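To keep things clear, I will list the structure first and then write my remarks on it.
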Amino acid sequence: MTLTAIIPFPLGEHDRHLLVLLHGWGANAQDLVPLASGLSLPSYHCLFPEAPFAHPQVSGGKAWYSLEQPGFEGLSQSRQDLLDWLLSLERVTQIPLNRTILGGFSQGAAMALDVGIGLPLAGLCSLSGYLHFQPQPQSQPLPPILMVHGRRDGVVPIAAARHARDELTKIQASVELHELEMDHEIPPLVLTLLSTFIKNHTF
């Protein structure tokens, strides 16, 4: 399987960085595309890959792996597909991983953390995310990590974000966690925090 992605704007001659955002369970690549305009990152080329599996209940929805039953069926395939796709981006865009930010929302955030901690990325962003894996120490420095989560989140409880922060900190990750009075969503304040984090890790 190979991933497809929505590219809202063509690669520009002044684009020196990549922003890759992964959608959540039951959404699709279109879901986060409006963020490309809302973030106001002029030097960034934005990519929105689509999960490879059809969602079992949502027409047109996609999933990175199954949540209907134990075992996370499909996770190993999605993990490999996403890794291969990310490693191919420099050849296509001429922009290396150390100028790439990888992030996601909910299940997409879990995928970003899973695959991203082993890559020399400029940063990782988890929006309303969680861990579906046990982080292991890496042989290279980990990317800085932004986590933003709602205290009222009824889909992925705030405890999941705190657990992720604690586990990632144990393996020497630099984690910035913002707990907001919000639900399972991406309001304007999240975009402000995301934009600031990205700009702070741009070179």
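Ordered as shown in the structure tokens, chains take letters A, B, and onward, while each chain numbers its residues from 1 and ligands are numbered from 1 in the order shown.
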
Within 8 Å of range 170-182 of chain A, which residues of range 111-145 of chain A show up? Give each one with its shortest atom-to-atom distance in Å (one decimal) and the two atoms involved, counting only C-alpha atoms, rows by chain then rising residue number, as a tab-separated table.
```
residue	atom	partner	partner_atom	distance
A:Pro135	CA	A:Ile171	CA	7.2
A:Gln136	CA	A:Ile171	CA	6.6
A:Pro137	CA	A:Ile171	CA	5.1
A:Gln138	CA	A:Ile171	CA	7.7
A:Pro141	CA	A:Ala173	CA	7.9
A:Leu142	CA	A:Ala173	CA	5.7
A:Pro143	CA	A:Ala173	CA	7.2
A:Pro144	CA	A:Ser174	CA	5.1
A:Ile145	CA	A:Val175	CA	4.8
```

Would you mind listing, for every residue of range 119-143 of chain A within 10 Å of range 8-25 of chain A, the two atoms forming the shortest contact and the distance between them in Å to one decimal, using only C-alpha atoms, sorted by chain and ascending residue number, as a Markdown table?
```
| residue | atom | partner | partner_atom | distance |
| --- | --- | --- | --- | --- |
| A:Ala122 | CA | A:His17 | CA | 9.3 |
| A:Gly123 | CA | A:Leu19 | CA | 9.7 |
| A:Leu124 | CA | A:Val20 | CA | 9.7 |
| A:Cys125 | CA | A:Leu21 | CA | 8.7 |
| A:Ser126 | CA | A:Leu21 | CA | 9.7 |
| A:Leu127 | CA | A:Gly24 | CA | 9.9 |
| A:Ser128 | CA | A:Gly24 | CA | 9.6 |
| A:Gly129 | CA | A:Gly24 | CA | 9.2 |
```

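Ranking A:His184, A:Ala51, A:Phe203, A:Phe105 by their shortest atom-to-atom distance to Asp153 in chain A, with only C-alpha atoms included, puts A:His184 first.
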
DSSP strand (DSSP E) selection over chain A, as a compact mmCIF listing (two decimals) with N, CA and C atoms, in the first residue's frame:
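So the final result, stored in states12.txt, reads:
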```txt
# COMPACT_ATOMS: atom_id res chain seq x y z
N ALA A 5 -1.78 11.91 -0.82
CA ALA A 5 -1.84 13.12 0.01
C ALA A 5 -2.48 14.26 -0.77
N ILE A 6 -3.15 15.12 -0.05
CA ILE A 6 -3.66 16.36 -0.61
C ILE A 6 -2.60 17.44 -0.43
N HIS A 17 10.52 24.54 4.04
CA HIS A 17 10.13 23.63 5.10
C HIS A 17 8.87 22.86 4.70
N LEU A 18 8.67 21.72 5.36
CA LEU A 18 7.47 20.92 5.14
C LEU A 18 6.67 20.84 6.43
N LEU A 19 5.35 20.89 6.31
CA LEU A 19 4.44 20.60 7.40
C LEU A 19 3.53 19.47 6.95
N VAL A 20 3.60 18.35 7.65
CA VAL A 20 2.79 17.17 7.34
C VAL A 20 1.83 16.96 8.50
N LEU A 21 0.52 16.95 8.20
CA LEU A 21 -0.49 16.77 9.24
C LEU A 21 -1.37 15.57 8.92
N LEU A 22 -1.57 14.71 9.92
CA LEU A 22 -2.30 13.46 9.77
C LEU A 22 -3.69 13.58 10.41
N TYR A 44 6.46 27.39 4.45
CA TYR A 44 6.12 25.98 4.59
C TYR A 44 5.26 25.47 3.44
N HIS A 45 5.62 24.28 2.98
CA HIS A 45 4.81 23.54 2.01
C HIS A 45 4.03 22.49 2.81
N CYS A 46 2.71 22.50 2.68
CA CYS A 46 1.85 21.65 3.52
C CYS A 46 1.38 20.41 2.77
N LEU A 47 1.40 19.29 3.47
CA LEU A 47 0.97 18.01 2.91
C LEU A 47 0.02 17.34 3.89
N PHE A 48 -1.04 16.74 3.35
CA PHE A 48 -2.05 16.09 4.18
C PHE A 48 -2.30 14.68 3.67
N PRO A 49 -1.54 13.71 4.17
CA PRO A 49 -1.72 12.34 3.69
C PRO A 49 -3.00 11.71 4.22
N PHE A 53 -6.86 2.84 5.29
CA PHE A 53 -7.97 1.91 5.49
C PHE A 53 -9.31 2.65 5.54
N ALA A 54 -10.34 2.02 4.98
CA ALA A 54 -11.69 2.59 5.04
C ALA A 54 -12.22 2.47 6.46
N LYS A 62 -11.65 7.51 6.82
CA LYS A 62 -10.47 6.64 6.76
C LYS A 62 -9.94 6.37 8.17
N ALA A 63 -9.13 5.33 8.28
CA ALA A 63 -8.54 4.95 9.56
C ALA A 63 -7.10 4.55 9.35
N THR A 100 11.37 19.46 8.46
CA THR A 100 10.00 18.95 8.35
C THR A 100 9.38 18.83 9.73
N ILE A 101 8.16 19.36 9.86
CA ILE A 101 7.35 19.20 11.07
C ILE A 101 6.27 18.17 10.77
N LEU A 102 6.14 17.18 11.65
CA LEU A 102 5.10 16.14 11.50
C LEU A 102 4.13 16.27 12.66
N GLY A 103 2.85 16.31 12.35
CA GLY A 103 1.85 16.41 13.39
C GLY A 103 0.58 15.69 13.00
N GLY A 104 -0.37 15.72 13.90
CA GLY A 104 -1.64 15.08 13.61
C GLY A 104 -2.66 15.35 14.69
N PHE A 105 -3.88 14.94 14.40
CA PHE A 105 -5.01 15.11 15.31
C PHE A 105 -5.54 13.75 15.72
N GLY A 123 10.38 18.84 14.35
CA GLY A 123 9.45 18.85 15.47
C GLY A 123 8.29 17.93 15.24
N LEU A 124 7.60 17.59 16.35
CA LEU A 124 6.40 16.76 16.32
C LEU A 124 5.28 17.51 17.03
N CYS A 125 4.06 17.37 16.52
CA CYS A 125 2.91 18.05 17.10
C CYS A 125 1.77 17.06 17.30
N SER A 126 1.31 16.95 18.54
CA SER A 126 0.20 16.06 18.88
C SER A 126 -0.98 16.89 19.33
N LEU A 127 -2.04 16.91 18.54
CA LEU A 127 -3.25 17.65 18.87
C LEU A 127 -4.32 16.65 19.30
N ILE A 145 8.69 18.21 20.98
CA ILE A 145 7.30 17.78 20.83
C ILE A 145 6.36 18.81 21.44
N LEU A 146 5.36 19.22 20.67
CA LEU A 146 4.26 20.04 21.15
C LEU A 146 3.03 19.15 21.32
N MET A 147 2.39 19.24 22.49
CA MET A 147 1.13 18.55 22.73
C MET A 147 0.11 19.57 23.19
N VAL A 148 -1.07 19.54 22.55
CA VAL A 148 -2.18 20.42 22.95
C VAL A 148 -3.40 19.53 23.14
N HIS A 149 -4.07 19.70 24.29
CA HIS A 149 -5.18 18.79 24.61
C HIS A 149 -6.24 19.54 25.41
N GLY A 150 -7.48 19.11 25.23
CA GLY A 150 -8.60 19.72 25.95
C GLY A 150 -8.90 19.01 27.26
N VAL A 175 9.15 17.90 25.83
CA VAL A 175 7.71 17.93 25.57
C VAL A 175 7.10 19.20 26.16
N GLU A 176 6.33 19.89 25.33
CA GLU A 176 5.61 21.10 25.74
C GLU A 176 4.12 20.77 25.68
N LEU A 177 3.48 20.62 26.83
CA LEU A 177 2.06 20.26 26.89
C LEU A 177 1.23 21.46 27.31
N HIS A 178 0.22 21.77 26.49
CA HIS A 178 -0.73 22.83 26.80
C HIS A 178 -2.10 22.19 27.04
N GLU A 179 -2.65 22.38 28.23
CA GLU A 179 -3.99 21.89 28.55
C GLU A 179 -4.96 23.07 28.45
N LEU A 180 -5.95 22.93 27.58
CA LEU A 180 -6.89 24.01 27.30
C LEU A 180 -8.31 23.63 27.72
```

Pick from A:Leu86, A:Leu189, A:Leu168, A:Val92: nearest to Leu121 in chain A, with only C-alpha atoms counted?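 Answer, going by the shortest atom-to-atom distance: A:Leu86.
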
Assign secondary structure with DSSP using the backbone only, and return the residues of range 144-193 of chain A in alpha helix (DSSP H) as a PyMOL selection string. chain A and resi 158-170+188-193

Which is closer to Gln80 in chain A than all the others in A:Leu3, A:Leu131, A:Leu97, A:Val33, using only C-alpha atoms?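 Checking each candidate against Gln80 in chain A, we get A:Leu3 as the closest.
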
Neighbour list for Thr2 in chain A as JSON, numbers by chain, cut-off 8 Å, only C-alpha atoms, skip fewer than 5 positions in-chain: {"A": [52, 81, 85]}

Restricting the output to all heavy atoms, write the selected residues as a JSON list (two decimals), in the first residue's frame.
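Saved to result.json:
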```json
[["chain", "number", "residue", "atom", "x", "y", "z"],
["A", 52, "PRO", "N", -4.74, 4.68, 5.05],
["A", 52, "PRO", "CA", -4.97, 3.69, 3.99],
["A", 52, "PRO", "C", -6.22, 2.84, 4.12],
["A", 52, "PRO", "O", -6.62, 2.20, 3.15],
["A", 52, "PRO", "CB", -3.72, 2.80, 4.08],
["A", 52, "PRO", "CG", -3.28, 2.90, 5.50],
["A", 52, "PRO", "CD", -3.62, 4.30, 5.94],
["A", 81, "ASP", "N", 3.91, 2.20, 5.89],
["A", 81, "ASP", "CA", 3.54, 3.06, 4.77],
["A", 81, "ASP", "C", 3.88, 4.52, 5.06],
["A", 81, "ASP", "O", 4.42, 5.23, 4.20],
["A", 81, "ASP", "CB", 2.03, 2.95, 4.48],
["A", 81, "ASP", "CG", 1.65, 1.65, 3.82],
["A", 81, "ASP", "OD1", 2.56, 0.89, 3.42],
["A", 81, "ASP", "OD2", 0.45, 1.38, 3.69],
["A", 85, "TRP", "N", 6.69, 6.75, 3.11],
["A", 85, "TRP", "CA", 6.24, 7.98, 2.45],
["A", 85, "TRP", "C", 7.04, 9.18, 2.95],
["A", 85, "TRP", "O", 7.49, 10.02, 2.16],
["A", 85, "TRP", "CB", 4.75, 8.16, 2.70],
["A", 85, "TRP", "CG", 4.15, 9.35, 2.02],
["A", 85, "TRP", "CD1", 3.80, 9.46, 0.70],
["A", 85, "TRP", "CD2", 3.83, 10.60, 2.64],
["A", 85, "TRP", "NE1", 3.28, 10.72, 0.47],
["A", 85, "TRP", "CE2", 3.29, 11.43, 1.63],
["A", 85, "TRP", "CE3", 3.95, 11.09, 3.94],
["A", 85, "TRP", "CZ2", 2.87, 12.72, 1.89],
["A", 85, "TRP", "CZ3", 3.53, 12.38, 4.20],
["A", 85, "TRP", "CH2", 2.98, 13.19, 3.18]]
```

So which one's closest to Met111 in chain A, A:Gln140, A:Ser76, A:Gln94, A:Ser88? Using only C-alpha atoms, please. A:Ser76
